[in-house]
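Visitor: Got a structure for you, questions after.
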Amino acid sequence: MKKAPATNVLLGQVAYEAIREAMEKGSLKPGDRVSEYMIAQWLKISRTPAREGLRRLESEGLLARHSRRGLVVASLDHDALQELYAAREVLEREAAGLAAKRATDSEIETLKHLVDAEATIAEDPKRMYEHNLVFHQVMYRAAHNRYILKFLNTISDAISAHRSVSTLVQQTRRQAVVKEHRAIVTAIAKRSEEAARNASGNHIKSALKARTRLQHEAMIAEVQQRSRRNSR
């Protein structure tokens, strides 16, 4: 089998990361159309690596095929959201249980430090969002299972791509997250695998509930805005 030139592989990674960053920052929103030609023009690269970057994002579910518009930024509809968080709950429960069993003393101290620091930034949505990513990454790695880490990172990427509707914009959710993270770390520090799984499962259930409510509120606001425009 003929291998792609190294330059195309590297530029394909550049395209992948650039598009993902644009999605996370809101420059590319759900429903926006993308094409290899557009990406090639934007990044000043050839269409081959642009195509590779788009193909990877599509395989991860961050881009989707639309019957009339072609490739678009995927939307997290109700069903997709439920499926995504169902998979996340299964994997994070296991990661927390494995972390309680396998985490090094140093990793546990890092997790304790992270939850202590998190409590001091709960008033800042942006810092809390970034801190939340770090916390989960440390916990995933403390499980010492490369495949769980890989799959959870894929799920995390899908959620991060829709950062514009992060539940951490809500103060009550940020405060709840601090308590939920502390419960997970307490269980891991006690080496209680079942307690860690339960605490992690409760955390993901709460996150899904908050995300669903936020998505519902956004949908109502959009309908109301459309109605006001049509009534003018």
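Residues are referred to by chain and number: the chain letter is A, B, ... according to the order shown in the structure tokens, the number counts from 1 in that chain, and ligands are numbered separately from 1 in the order shown.
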Give me, as a ChimeraX atom specification, all polymer residues having an atom no more than 6 Å from Pro30 (chain A), counting only C-alpha atoms and skipping those fewer than 4 positions away in the same chain.
Guide: /A:73-75
Visitor: Create the file for the chosen residues now, containing N, CA and C atoms and written as a PDB file, in the first residue's frame.
Guide:
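Contents of the output file again-v9.pdb:
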```
ATOM      1  N   VAL A  73     -20.427  21.200  10.108  1.00  0.00           N
ATOM      2  CA  VAL A  73     -20.094  20.999  11.516  1.00  0.00           C
ATOM      3  C   VAL A  73     -21.283  20.315  12.175  1.00  0.00           C
ATOM      4  N   ALA A  74     -21.023  19.189  12.834  1.00  0.00           N
ATOM      5  CA  ALA A  74     -22.106  18.398  13.414  1.00  0.00           C
ATOM      6  C   ALA A  74     -22.781  19.121  14.578  1.00  0.00           C
ATOM      7  N   SER A  75     -24.056  18.886  14.709  1.00  0.00           N
ATOM      8  CA  SER A  75     -24.824  19.418  15.831  1.00  0.00           C
ATOM      9  C   SER A  75     -25.044  18.305  16.846  1.00  0.00           C
TER      10      SER A  75
END
```
Visitor: In region 13-210 of chain A, what's strand (DSSP E or B) per DSSP? Answer as a list of chain:residue names?
Guide: A:Arg33, A:Leu63, A:Ala64, A:Arg65, A:His66, A:Gly70, A:Leu71, A:Val72, A:Val73
Visitor: Would you write out those residues with N, CA and C atoms, as a compact mmCIF listing (two decimals), in the first residue's frame?
Guide:
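The result, stored in result.txt:
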```txt
# COMPACT_ATOMS: atom_id res chain seq x y z
N ARG A 33 -21.06 25.01 6.84
CA ARG A 33 -20.52 24.14 5.80
C ARG A 33 -19.00 24.27 5.74
N LEU A 63 -17.82 16.29 12.33
CA LEU A 63 -18.40 16.77 11.07
C LEU A 63 -19.40 15.72 10.59
N ALA A 64 -20.41 16.16 9.85
CA ALA A 64 -21.43 15.24 9.37
C ALA A 64 -21.82 15.59 7.94
N ARG A 65 -22.35 14.60 7.22
CA ARG A 65 -22.80 14.80 5.85
C ARG A 65 -24.26 15.26 5.85
N HIS A 66 -24.49 16.37 5.14
CA HIS A 66 -25.84 16.89 4.99
C HIS A 66 -26.31 16.59 3.57
N GLY A 70 -23.68 19.16 1.90
CA GLY A 70 -22.39 18.48 1.96
C GLY A 70 -21.89 18.35 3.39
N LEU A 71 -20.61 18.55 3.60
CA LEU A 71 -20.00 18.37 4.91
C LEU A 71 -20.24 19.61 5.78
N VAL A 72 -20.78 19.39 6.97
CA VAL A 72 -21.08 20.51 7.88
C VAL A 72 -20.58 20.17 9.29
N VAL A 73 -20.43 21.20 10.11
CA VAL A 73 -20.09 21.00 11.52
C VAL A 73 -21.28 20.32 12.17
```
Visitor: So how far away is CA of His78 (chain A) from CA of Arg211 (chain A), in Å?
Guide: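 The value is 10.2 Å.
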Visitor: Can you work out which one of A:Arg213, A:Lys150, A:Arg182, A:Arg174 has the shortest atom-to-atom distance to Arg88 (chain A), counting only C-alpha atoms?
Guide: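 Smallest distance to Arg88 (chain A) is found for A:Lys150.
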Visitor: For a quick check of understanding, using only C-alpha atoms, which of A:Ala22, A:Val185, A:Val178, A:Ala196 has the smallest distance to Glu107 (chain A)?
Guide: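 Under the stated criterion, the closest residue is A:Val185.
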Visitor: I'd like the neighbourhood of Asp77 (chain A) as an NGL selection string, where a residue qualifies if any of its atoms comes within 10 Å (using only C-alpha atoms), though same-chain residues fewer than 5 positions away should be ignored.
Guide: :A and (82 or 212 or 215)
Visitor: Residues at most 10 Å from region 46-61 of chain A, counting only C-alpha atoms, excluding those fewer than 6 positions away in the same chain, as number ranges by chain?
Guide: A: 4-5, 7-20, 34-40, 71-76, 80, 154-155, 157-158
Visitor: Generate the output file for the selected residues, N, CA and C atoms, as an mmCIF file, in the first residue's frame.
Guide:
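Output saved as again_16.cif:
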```cif
data_model
loop_
_atom_site.group_PDB
_atom_site.id
_atom_site.type_symbol
_atom_site.label_atom_id
_atom_site.label_comp_id
_atom_site.auth_asym_id
_atom_site.auth_seq_id
_atom_site.Cartn_x
_atom_site.Cartn_y
_atom_site.Cartn_z
ATOM 1 N N ALA A 4 1.076 7.935 2.305
ATOM 2 C CA ALA A 4 0.978 9.365 2.008
ATOM 3 C C ALA A 4 2.300 10.033 2.356
ATOM 4 N N PRO A 5 2.702 11.032 1.574
ATOM 5 C CA PRO A 5 3.940 11.756 1.884
ATOM 6 C C PRO A 5 3.888 12.329 3.288
ATOM 7 N N THR A 7 4.865 15.084 4.445
ATOM 8 C CA THR A 7 4.407 16.485 4.480
ATOM 9 C C THR A 7 2.888 16.559 4.546
ATOM 10 N N ASN A 8 2.220 15.710 3.762
ATOM 11 C CA ASN A 8 0.754 15.692 3.776
ATOM 12 C C ASN A 8 0.205 15.235 5.112
ATOM 13 N N VAL A 9 0.891 14.266 5.733
ATOM 14 C CA VAL A 9 0.464 13.769 7.043
ATOM 15 C C VAL A 9 0.555 14.887 8.072
ATOM 16 N N LEU A 10 1.672 15.615 8.068
ATOM 17 C CA LEU A 10 1.867 16.704 9.026
ATOM 18 C C LEU A 10 0.867 17.833 8.785
ATOM 19 N N LEU A 11 0.660 18.187 7.528
ATOM 20 C CA LEU A 11 -0.287 19.256 7.213
ATOM 21 C C LEU A 11 -1.728 18.812 7.484
ATOM 22 N N GLY A 12 -1.990 17.521 7.343
ATOM 23 C CA GLY A 12 -3.299 17.002 7.681
ATOM 24 C C GLY A 12 -3.590 17.194 9.165
ATOM 25 N N GLN A 13 -2.559 17.005 9.991
ATOM 26 C CA GLN A 13 -2.694 17.233 11.431
ATOM 27 C C GLN A 13 -2.920 18.717 11.717
ATOM 28 N N VAL A 14 -2.207 19.569 10.985
ATOM 29 C CA VAL A 14 -2.387 21.019 11.126
ATOM 30 C C VAL A 14 -3.835 21.402 10.802
ATOM 31 N N ALA A 15 -4.347 20.849 9.702
ATOM 32 C CA ALA A 15 -5.731 21.148 9.302
ATOM 33 C C ALA A 15 -6.715 20.672 10.360
ATOM 34 N N TYR A 16 -6.497 19.458 10.851
ATOM 35 C CA TYR A 16 -7.368 18.884 11.885
ATOM 36 C C TYR A 16 -7.417 19.787 13.117
ATOM 37 N N GLU A 17 -6.251 20.193 13.604
ATOM 38 C CA GLU A 17 -6.182 21.005 14.820
ATOM 39 C C GLU A 17 -6.757 22.403 14.606
ATOM 40 N N ALA A 18 -6.523 22.980 13.429
ATOM 41 C CA ALA A 18 -7.028 24.329 13.138
ATOM 42 C C ALA A 18 -8.557 24.343 13.079
ATOM 43 N N ILE A 19 -9.126 23.329 12.446
ATOM 44 C CA ILE A 19 -10.587 23.258 12.330
ATOM 45 C C ILE A 19 -11.200 23.024 13.707
ATOM 46 N N ARG A 20 -10.603 22.128 14.475
ATOM 47 C CA ARG A 20 -11.120 21.859 15.832
ATOM 48 C C ARG A 20 -11.066 23.108 16.703
ATOM 49 N N VAL A 34 -18.320 23.143 5.519
ATOM 50 C CA VAL A 34 -16.871 23.147 5.333
ATOM 51 C C VAL A 34 -16.542 22.286 4.116
ATOM 52 N N SER A 35 -15.436 22.599 3.468
ATOM 53 C CA SER A 35 -15.014 21.811 2.311
ATOM 54 C C SER A 35 -13.494 21.813 2.253
ATOM 55 N N GLU A 36 -12.946 20.854 1.556
ATOM 56 C CA GLU A 36 -11.488 20.779 1.449
ATOM 57 C C GLU A 36 -10.945 22.010 0.725
ATOM 58 N N TYR A 37 -11.718 22.524 -0.238
ATOM 59 C CA TYR A 37 -11.277 23.720 -0.959
ATOM 60 C C TYR A 37 -11.218 24.926 -0.013
ATOM 61 N N MET A 38 -12.264 25.082 0.812
ATOM 62 C CA MET A 38 -12.315 26.203 1.742
ATOM 63 C C MET A 38 -11.172 26.122 2.758
ATOM 64 N N ILE A 39 -10.933 24.923 3.289
ATOM 65 C CA ILE A 39 -9.873 24.744 4.289
ATOM 66 C C ILE A 39 -8.493 24.953 3.655
ATOM 67 N N ALA A 40 -8.333 24.463 2.440
ATOM 68 C CA ALA A 40 -7.055 24.640 1.740
ATOM 69 C C ALA A 40 -6.757 26.119 1.515
ATOM 70 N N LEU A 71 -20.612 18.555 3.597
ATOM 71 C CA LEU A 71 -19.999 18.374 4.913
ATOM 72 C C LEU A 71 -20.244 19.615 5.776
ATOM 73 N N VAL A 72 -20.782 19.390 6.974
ATOM 74 C CA VAL A 72 -21.076 20.507 7.880
ATOM 75 C C VAL A 72 -20.581 20.170 9.289
ATOM 76 N N VAL A 73 -20.427 21.200 10.108
ATOM 77 C CA VAL A 73 -20.094 20.999 11.516
ATOM 78 C C VAL A 73 -21.283 20.315 12.175
ATOM 79 N N ALA A 74 -21.023 19.189 12.834
ATOM 80 C CA ALA A 74 -22.106 18.398 13.414
ATOM 81 C C ALA A 74 -22.781 19.121 14.578
ATOM 82 N N SER A 75 -24.056 18.886 14.709
ATOM 83 C CA SER A 75 -24.824 19.418 15.831
ATOM 84 C C SER A 75 -25.044 18.305 16.846
ATOM 85 N N LEU A 76 -25.074 18.686 18.114
ATOM 86 C CA LEU A 76 -25.390 17.716 19.156
ATOM 87 C C LEU A 76 -26.895 17.769 19.412
ATOM 88 N N ALA A 80 -28.036 12.441 20.001
ATOM 89 C CA ALA A 80 -26.573 12.386 19.996
ATOM 90 C C ALA A 80 -26.014 12.723 21.376
ATOM 91 N N THR A 154 -11.518 11.080 22.821
ATOM 92 C CA THR A 154 -12.362 11.276 21.647
ATOM 93 C C THR A 154 -13.704 11.886 22.057
ATOM 94 N N ILE A 155 -14.276 11.379 23.138
ATOM 95 C CA ILE A 155 -15.543 11.924 23.645
ATOM 96 C C ILE A 155 -15.343 13.359 24.118
ATOM 97 N N ASP A 157 -13.183 15.480 23.058
ATOM 98 C CA ASP A 157 -13.035 16.337 21.877
ATOM 99 C C ASP A 157 -14.402 16.701 21.300
ATOM 100 N N ALA A 158 -15.304 15.729 21.256
ATOM 101 C CA ALA A 158 -16.642 15.984 20.717
ATOM 102 C C ALA A 158 -17.389 16.995 21.570
#
```
Visitor: According to DSSP computed on the backbone, where in region 30-166 of chain A is there helix (DSSP H, G or I)? Give the residues as number ranges by chain.
Guide: A: 36-43, 47-59, 78-102, 105-119, 125-142, 146-160, 163-165
